[in-house]
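Structure file run.tsv with TSV, C-alpha atoms:
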chain	number	residue	atom	x	y	z
A	17	MET	CA	80.90	67.68	116.24
A	18	LYS	CA	81.46	69.04	112.75
A	19	LYS	CA	84.26	71.59	112.57
A	20	LEU	CA	84.11	74.81	110.60
A	21	ILE	CA	86.81	74.73	107.92
A	22	GLU	CA	88.10	78.02	106.54
A	23	ILE	CA	90.19	77.80	103.37
A	24	CYS	CA	92.70	80.44	102.38
A	25	ALA	CA	92.36	81.21	98.66
A	26	GLU	CA	94.02	83.70	96.33
A	27	SER	CA	92.08	83.03	93.13
A	28	VAL	CA	88.51	82.57	91.92
A	29	GLU	CA	89.45	79.06	90.80
A	30	SER	CA	90.50	78.14	94.35
A	31	VAL	CA	87.31	79.64	95.78
A	32	LEU	CA	85.21	77.44	93.51
A	33	ILE	CA	87.25	74.32	94.32
A	34	ALA	CA	86.98	75.01	98.05
A	35	GLU	CA	83.22	75.47	97.81
A	36	LYS	CA	82.88	72.22	95.86
A	37	GLY	CA	84.95	70.42	98.50
A	38	GLY	CA	82.71	71.49	101.36
A	39	ALA	CA	84.66	74.38	102.88
A	40	ASP	CA	82.55	76.58	105.15
A	41	ARG	CA	84.28	79.90	104.58
A	42	ILE	CA	87.00	81.48	102.45
A	43	GLU	CA	89.73	83.83	103.57
A	44	LEU	CA	90.21	85.68	100.29
A	45	CYS	CA	93.57	87.29	99.71
A	46	SER	CA	96.34	87.72	97.16
A	47	ASP	CA	100.03	86.77	97.22
A	48	LEU	CA	100.16	83.89	99.67
A	49	PHE	CA	103.92	83.87	99.07
A	50	GLU	CA	103.91	87.03	101.23
A	51	GLY	CA	101.53	85.48	103.74
A	52	GLY	CA	98.43	87.00	102.13
A	53	LEU	CA	97.67	90.55	100.99
A	54	THR	CA	94.48	92.42	100.07
A	55	PRO	CA	92.83	90.74	97.05
A	56	THR	CA	91.91	92.63	93.91
A	57	ILE	CA	88.38	93.96	93.63
A	58	GLY	CA	87.92	91.89	90.48
A	59	THR	CA	88.86	88.66	92.25
A	60	PHE	CA	86.40	89.44	95.03
A	61	LEU	CA	83.52	90.41	92.73
A	62	ILE	CA	83.87	87.39	90.43
A	63	SER	CA	84.25	85.07	93.45
A	64	LYS	CA	81.06	86.53	94.93
A	65	GLU	CA	79.25	86.27	91.60
A	66	LYS	CA	80.18	82.65	90.94
A	67	SER	CA	80.00	81.18	94.47
A	68	HIS	CA	77.74	81.20	97.50
A	69	ILE	CA	80.41	80.63	100.14
A	70	PRO	CA	81.11	83.38	102.73
A	71	LEU	CA	84.12	85.50	101.75
A	72	SER	CA	86.32	86.94	104.50
A	73	VAL	CA	88.51	89.57	102.88
A	74	MET	CA	92.10	90.19	103.94
A	75	ILE	CA	93.03	93.83	104.53
A	76	ARG	CA	96.84	93.95	104.36
A	77	PRO	CA	98.56	96.52	102.14
A	78	ARG	CA	102.02	94.90	101.94
A	79	GLY	CA	104.16	92.01	103.09
A	80	GLY	CA	106.62	92.22	105.95
A	81	ASP	CA	105.75	93.33	109.45
A	82	PHE	CA	102.45	94.62	110.83
A	83	CYS	CA	103.46	98.10	111.97
A	84	TYR	CA	102.12	100.46	109.32
A	85	SER	CA	102.81	104.03	108.30
A	86	ASP	CA	100.06	106.65	108.39
A	87	ILE	CA	99.61	106.36	104.61
A	88	GLU	CA	99.43	102.56	104.75
A	89	PHE	CA	96.81	102.82	107.49
A	90	GLU	CA	94.78	105.20	105.32
A	91	VAL	CA	94.90	102.56	102.56
A	92	MET	CA	93.70	99.89	104.98
A	93	LYS	CA	90.75	102.01	106.13
A	94	LYS	CA	89.74	102.76	102.56
A	95	GLU	CA	89.97	99.09	101.52
A	96	ALA	CA	87.96	98.01	104.58
A	97	GLU	CA	85.24	100.46	103.59
A	98	ILE	CA	85.29	99.35	99.94
A	99	PHE	CA	85.05	95.61	100.61
A	100	LYS	CA	82.40	96.07	103.28
A	101	ASN	CA	80.28	98.05	100.82
A	102	LEU	CA	80.87	95.47	98.07
A	103	GLY	CA	79.39	92.72	100.26
A	104	ALA	CA	82.23	90.97	102.06
A	105	SER	CA	81.05	88.51	104.71
A	106	SER	CA	83.76	89.59	107.15
A	107	LEU	CA	87.11	91.39	107.24
A	108	VAL	CA	90.53	90.12	108.30
A	109	PHE	CA	93.34	92.38	109.53
A	110	GLY	CA	95.98	92.91	112.19
A	111	ILE	CA	98.06	95.88	113.32
A	112	LEU	CA	100.86	95.97	115.93
A	113	THR	CA	102.70	98.69	117.78
A	114	PRO	CA	106.48	98.95	117.32
A	115	ASP	CA	107.06	97.15	120.63
A	116	GLY	CA	104.93	94.15	119.70
A	117	ASP	CA	101.53	94.84	121.25
A	118	VAL	CA	98.14	94.96	119.52
A	119	ASP	CA	97.66	98.53	118.24
A	120	LYS	CA	94.30	98.92	119.94
A	121	ASP	CA	93.53	102.40	118.62
A	122	ARG	CA	94.08	101.50	114.98
A	123	VAL	CA	92.42	98.11	115.28
A	124	LYS	CA	89.37	99.77	116.85
A	125	SER	CA	89.22	102.22	113.92
A	126	LEU	CA	89.07	99.32	111.47
A	127	ILE	CA	86.50	97.49	113.59
A	128	ASP	CA	84.30	100.60	113.60
A	129	ILE	CA	84.48	100.68	109.79
A	130	ALA	CA	83.79	96.95	109.48
A	131	ARG	CA	80.75	96.68	111.75
A	132	PRO	CA	78.30	95.06	111.68
A	133	LEU	CA	80.53	92.55	109.88
A	134	PRO	CA	82.53	90.05	111.96
A	135	VAL	CA	86.27	90.68	112.14
A	136	THR	CA	89.25	88.34	112.41
A	137	PHE	CA	92.64	89.37	113.76
A	138	HIS	CA	95.12	87.43	111.61
A	139	ARG	CA	98.55	85.95	112.38
A	140	ALA	CA	100.00	89.32	113.28
A	141	PHE	CA	98.95	87.85	116.63
A	142	ASP	CA	101.86	85.42	116.36
A	143	MET	CA	104.30	88.34	116.27
A	144	THR	CA	103.10	89.84	119.56
A	145	ARG	CA	105.46	89.71	122.57
A	146	ASP	CA	102.79	88.33	124.93
A	147	PRO	CA	100.02	86.24	123.35
A	148	PHE	CA	97.87	86.21	126.49
A	149	LYS	CA	97.95	89.99	126.86
A	150	ALA	CA	97.21	90.24	123.12
A	151	LEU	CA	94.24	87.92	123.54
A	152	ASP	CA	92.91	90.08	126.39
A	153	ASP	CA	93.28	93.16	124.18
A	154	LEU	CA	91.33	91.52	121.34
A	155	ILE	CA	88.59	90.40	123.74
A	156	GLU	CA	88.37	93.97	125.04
A	157	LEU	CA	88.04	95.21	121.46
A	158	LYS	CA	85.30	92.61	120.82
A	159	VAL	CA	87.18	91.00	117.93
A	160	ASP	CA	85.25	87.90	116.81
A	161	ARG	CA	88.15	85.53	116.15
A	162	VAL	CA	91.91	85.32	116.08
A	163	LEU	CA	93.94	83.22	113.62
A	164	THR	CA	97.09	81.84	115.23
A	165	SER	CA	99.67	79.07	115.10
A	166	GLY	CA	100.35	79.48	118.81
A	167	GLN	CA	103.33	81.72	118.05
A	168	GLU	CA	105.23	78.86	116.44
A	169	ILE	CA	106.19	77.97	112.87
A	170	SER	CA	103.15	75.69	112.63
A	171	VAL	CA	100.16	74.59	114.68
A	172	LEU	CA	101.82	71.30	115.63
A	173	GLU	CA	104.68	73.14	117.34
A	174	GLY	CA	102.25	75.59	118.90
A	175	LEU	CA	99.85	73.04	120.42
A	176	PRO	CA	100.63	73.81	124.10
A	177	THR	CA	100.15	77.56	123.69
A	178	LEU	CA	97.08	77.08	121.50
A	179	LYS	CA	95.48	74.84	124.12
A	180	ASN	CA	96.04	77.53	126.77
A	181	LEU	CA	94.72	80.26	124.48
A	182	ILE	CA	91.54	78.29	123.72
A	183	GLU	CA	90.95	77.69	127.43
A	184	LYS	CA	91.53	81.36	128.24
A	185	ALA	CA	89.26	82.52	125.41
A	186	GLU	CA	86.27	80.55	126.73
A	187	ASN	CA	83.31	81.92	124.73
A	188	LYS	CA	84.65	85.49	124.53
A	189	ILE	CA	86.53	85.06	121.23
A	190	ILE	CA	87.09	82.21	118.77
A	191	VAL	CA	90.69	80.98	118.63
A	192	MET	CA	91.13	79.54	115.13
A	193	PRO	CA	94.29	77.45	114.71
A	194	GLY	CA	95.99	77.85	111.35
A	195	CYS	CA	99.34	77.20	109.65
A	196	GLY	CA	100.52	73.81	108.53
A	197	ILE	CA	97.27	71.92	109.15
A	198	ASN	CA	96.73	69.20	106.58
A	199	GLU	CA	95.02	65.89	105.99
A	200	ARG	CA	97.92	63.98	107.63
A	201	ASN	CA	98.00	65.82	110.95
A	202	PHE	CA	94.43	67.06	111.40
A	203	ILE	CA	93.25	64.24	113.68
A	204	ARG	CA	96.23	64.71	116.00
A	205	ILE	CA	95.66	68.48	116.12
A	206	ASN	CA	91.91	68.22	116.66
A	207	ASP	CA	92.33	65.58	119.37
A	208	ALA	CA	94.67	67.94	121.20
A	209	LEU	CA	92.68	71.16	120.78
A	210	ASP	CA	89.06	70.38	119.85
A	211	ALA	CA	88.81	73.90	118.37
A	212	LYS	CA	85.56	75.09	116.83
A	213	GLU	CA	87.19	76.37	113.62
A	214	TYR	CA	90.34	75.57	111.65
A	215	HIS	CA	92.17	77.51	108.94
A	216	MET	CA	93.98	75.72	106.08
A	217	SER	CA	95.32	76.32	102.59
A	218	LEU	CA	95.54	72.70	101.28
A	219	SER	CA	97.10	73.91	98.05
A	220	SER	CA	98.97	72.10	95.32
A	221	GLY	CA	100.87	73.18	92.23
A	222	VAL	CA	99.12	73.22	88.86
A	223	LYS	CA	101.02	73.63	85.60
A	224	THR	CA	100.14	76.74	83.63
A	225	LYS	CA	99.02	76.69	79.98
A	226	MET	CA	102.40	77.96	78.81
A	227	GLU	CA	104.30	75.58	76.53
A	228	TYR	CA	107.22	77.91	75.85
A	229	PHE	CA	109.11	79.23	78.84
A	230	PRO	CA	112.65	80.67	78.76
A	231	SER	CA	114.34	79.36	81.92
A	232	HIS	CA	116.82	82.22	82.20
A	233	ILE	CA	114.19	84.96	82.70
A	234	HIS	CA	112.31	85.57	85.95
A	235	MET	CA	109.73	88.14	86.96
A	236	GLY	CA	110.81	88.34	90.60
A	237	GLY	CA	113.91	88.42	92.77
A	238	SER	CA	116.29	85.63	93.66
A	239	LEU	CA	113.74	84.13	96.09
A	240	ARG	CA	110.86	83.41	93.76
A	241	GLN	CA	108.20	80.99	92.68
A	242	SER	CA	108.12	79.49	89.22
A	243	GLU	CA	106.18	81.56	86.69
A	244	PHE	CA	104.91	78.31	85.20
A	245	SER	CA	103.17	76.73	88.20
A	246	LEU	CA	99.97	78.01	89.80
A	247	SER	CA	98.90	77.40	93.39
A	248	ARG	CA	95.35	76.09	93.70
A	249	VAL	CA	93.29	74.53	96.48
A	250	SER	CA	93.40	70.75	96.11
A	251	LEU	CA	89.94	69.17	95.98
A	252	ASP	CA	91.38	65.78	96.96
A	253	ARG	CA	93.09	67.21	100.03
A	254	LEU	CA	89.97	69.10	101.10
A	255	ASN	CA	87.82	66.02	100.61
A	256	ALA	CA	90.26	64.13	102.83
A	257	ILE	CA	89.85	66.74	105.58
A	258	ARG	CA	86.07	66.73	105.26
A	259	SER	CA	86.04	62.95	105.67
A	260	LEU	CA	87.68	63.46	109.07
A	261	CYS	CA	85.27	66.02	110.51

Whole structure given in structure tokens:
Amino acid sequence: MKKLIEICAESVESVLIAEKGGADRIELCSDLFEGGLTPTIGTFLISKEKSHIPLSVMIRPRGGDFCYSDIEFEVMKKEAEIFKNLGASSLVFGILTPDGDVDKDRVKSLIDIARPLPVTFHRAFDMTRDPFKALDDLIELKVDRVLTSGQEISVLEGLPTLKNLIEKAENKIIVMPGCGINERNFIRINDALDAKEYHMSLSSGVKTKMEYFPSHIHMGGSLRQSEFSLSRVSLDRLNAIRSLC
């Protein structure tokens, strides 16, 4: 059975590479270094103009945790409305209460804005204190899918929990494994889980066009990426995955 492959992309270039490589859907975001934030409107519009692949748009106003202030929640609602009206295929978000449960009231508010679009609850799920209660809450809210590593650092470590979550979900919600899946471990993961959908980034570094770069100047803090390497989806890596499923 062919598996649906969702690729996480933070640039138009990566969207086009993923489409060329046979991806089925894009999770479009910005700043993967922070785990993915809301993309710019320009990135979304140009991606939509130049591709035909479904674009699931991340709604996340900042990095860090998933418990948001009232102002941040207002931003999320406005961005959900904007991207829905601009033609997003689906929306991706997640909100938690301070004690680590799904914030059902706020999530329902975003779902109401998003409909009739499908919605994905992202890896905020992996920060909940009880993944099985969280799954029940998402089923109750009629969330379409949940992205999770099984509450571990990667899908490989989370295989036992993921297997239980998939069994519990039955046909009520799609459990989409994601985090650390690549062309080397995909067969092992799929043999263990046989999930319907998988989420991957499959990125590689690409040198920028800059020929002059002063090494003593940086645009970020002490924990930073190089200003002279860009992250892009790797066509070779995606082709390798597609050859397996």

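If all atoms listed in the file are the atoms counted, then among A:Ile21, A:Leu71, A:Cys83, A:Leu133 the closest residue to Glu213 in chain A is A:Ile21.
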
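Interatomic distance, CA of Ile257 in chain A against CA of Thr56 in chain A: 28.5 Å.
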
Residue contacts of range 36-40 of chain A (8 Å, all atoms listed in the file) excluding same-chain residues fewer than 4 positions away, as a ChimeraX atom specification: /A:20-23,32,69-70,251,254-255,258

Selection as an mmCIF file with C-alpha atoms, in the frame of the given file: residues within 6 Å of (87.7, 98.8, 121.9), counting all atoms listed in the file:
data_model
loop_
_atom_site.group_PDB
_atom_site.id
_atom_site.type_symbol
_atom_site.label_atom_id
_atom_site.label_comp_id
_atom_site.auth_asym_id
_atom_site.auth_seq_id
_atom_site.Cartn_x
_atom_site.Cartn_y
_atom_site.Cartn_z
ATOM 1 C CA LYS A 124 89.370 99.770 116.850
ATOM 2 C CA GLU A 156 88.370 93.970 125.040
ATOM 3 C CA LEU A 157 88.040 95.210 121.460
#

Could you give me the axis-aligned bounding box of range 17-33 of chain A, with 8 Å of padding per side, as centre plus edge lengths in Å to one decimal, as AutoDock Vina command-line options?
--center_x 87.5 --center_y 75.7 --center_z 103.5 --size_x 29.1 --size_y 32.0 --size_z 41.4

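If all atoms listed in the file are the atoms counted, then among A:Leu181, A:Glu173, A:Cys45, A:Lys225 the closest residue to Leu246 in chain A is A:Lys225.
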
12 Å contact set for Ile33 in chain A, only C-alpha atoms, chain neighbours under 5 positions out, as number ranges by chain: A: 23-28, 38-39, 42, 63, 66-67, 69, 217-220, 248-255

Test item: residues at most 12 Å from Ile169 in chain A, only C-alpha atoms, excluding those fewer than 2 positions along its chain, as a ChimeraX atom specification: /A:139,142-143,164-167,171-175,194-197

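Taking CA of Leu126 in chain A and CA of Asn180 in chain A as the two end points, the separation is 27.5 Å.
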
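Comparing A:Asp128, A:Glu65, A:Asp146, A:Asp115 by their smallest distance to Gly103 in chain A, the closest is A:Glu65 (using all atoms listed in the file).
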
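Excluding Glu97 in chain A itself and any same-chain residue fewer than 5 positions from it, the protein and nucleic acid residues within 10 Å of it, counting all atoms listed in the file, are Val91, Met92, Leu102, Leu107, Leu126, Ile129 and Ala130 of chain A.
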
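Using all atoms listed in the file, the shortest contact distance between Val159 in chain A and any of A:Thr113, A:Thr177, A:Ser30, A:Ser106 is found at A:Ser106.
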
Nearest-residue call for Phe148 in chain A, choices A:Ala96, A:Ile111, A:Ile182, A:Ala104, using all atoms listed in the file: A:Ile182

Within 10 Å of file point (102.5, 87.7, 96.8), counting only C-alpha atoms, expressed as number ranges by chain: A: 26, 45-54, 78-79, 240-241

Length of the CA of Ser170 in chain A to CA of Glu88 in chain A vector [Å]: 28.2 Å

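Considering all atoms listed in the file, the residue among A:Lys64, A:Lys120, A:Arg200, A:Arg41 positioned nearest to Tyr214 in chain A is A:Arg41.
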
Contacts of Leu112 in chain A at 12 Å (all atoms listed in the file; same-chain gap of 2+ positions) as a ChimeraX atom specification: /A:81-85,89,109-110,114-123,137-146,150,153-154

Completed range 161-172 of chain A (N, CA, C and O atoms) as a JSON list (two decimals), keeping the file's coordinate frame:
[["chain", "number", "residue", "atom", "x", "y", "z"],
["A", 161, "ARG", "N", 87.27, 86.69, 116.14],
["A", 161, "ARG", "CA", 88.15, 85.53, 116.15],
["A", 161, "ARG", "C", 89.59, 85.96, 115.92],
["A", 161, "ARG", "O", 89.86, 87.02, 115.37],
["A", 162, "VAL", "N", 90.50, 85.09, 116.32],
["A", 162, "VAL", "CA", 91.91, 85.32, 116.08],
["A", 162, "VAL", "C", 92.49, 84.08, 115.42],
["A", 162, "VAL", "O", 92.24, 82.95, 115.84],
["A", 163, "LEU", "N", 93.24, 84.29, 114.34],
["A", 163, "LEU", "CA", 93.94, 83.22, 113.62],
["A", 163, "LEU", "C", 95.36, 83.14, 114.17],
["A", 163, "LEU", "O", 96.08, 84.14, 114.18],
["A", 164, "THR", "N", 95.76, 81.96, 114.61],
["A", 164, "THR", "CA", 97.09, 81.84, 115.23],
["A", 164, "THR", "C", 97.63, 80.42, 115.11],
["A", 164, "THR", "O", 96.88, 79.45, 115.09],
["A", 165, "SER", "N", 98.96, 80.36, 115.05],
["A", 165, "SER", "CA", 99.67, 79.07, 115.10],
["A", 165, "SER", "C", 100.22, 78.81, 116.50],
["A", 165, "SER", "O", 101.03, 77.91, 116.69],
["A", 166, "GLY", "N", 99.80, 79.62, 117.47],
["A", 166, "GLY", "CA", 100.35, 79.48, 118.81],
["A", 166, "GLY", "C", 101.75, 80.04, 118.92],
["A", 166, "GLY", "O", 102.57, 79.59, 119.72],
["A", 167, "GLN", "N", 102.03, 81.04, 118.08],
["A", 167, "GLN", "CA", 103.33, 81.72, 118.05],
["A", 167, "GLN", "C", 104.49, 80.78, 117.73],
["A", 167, "GLN", "O", 105.62, 80.97, 118.19],
["A", 168, "GLU", "N", 104.19, 79.77, 116.92],
["A", 168, "GLU", "CA", 105.23, 78.86, 116.44],
["A", 168, "GLU", "C", 105.15, 78.78, 114.92],
["A", 168, "GLU", "O", 104.25, 79.33, 114.30],
["A", 169, "ILE", "N", 106.10, 78.05, 114.32],
["A", 169, "ILE", "CA", 106.19, 77.97, 112.87],
["A", 169, "ILE", "C", 105.00, 77.22, 112.27],
["A", 169, "ILE", "O", 104.65, 77.40, 111.12],
["A", 170, "SER", "N", 104.36, 76.38, 113.07],
["A", 170, "SER", "CA", 103.15, 75.69, 112.63],
["A", 170, "SER", "C", 102.31, 75.34, 113.84],
["A", 170, "SER", "O", 102.77, 75.42, 114.99],
["A", 171, "VAL", "N", 101.07, 74.94, 113.59],
["A", 171, "VAL", "CA", 100.16, 74.59, 114.68],
["A", 171, "VAL", "C", 100.68, 73.43, 115.51],
["A", 171, "VAL", "O", 100.54, 73.42, 116.74],
["A", 172, "LEU", "N", 101.30, 72.45, 114.87],
["A", 172, "LEU", "CA", 101.82, 71.30, 115.63],
["A", 172, "LEU", "C", 102.80, 71.75, 116.71],
["A", 172, "LEU", "O", 102.72, 71.30, 117.86]]
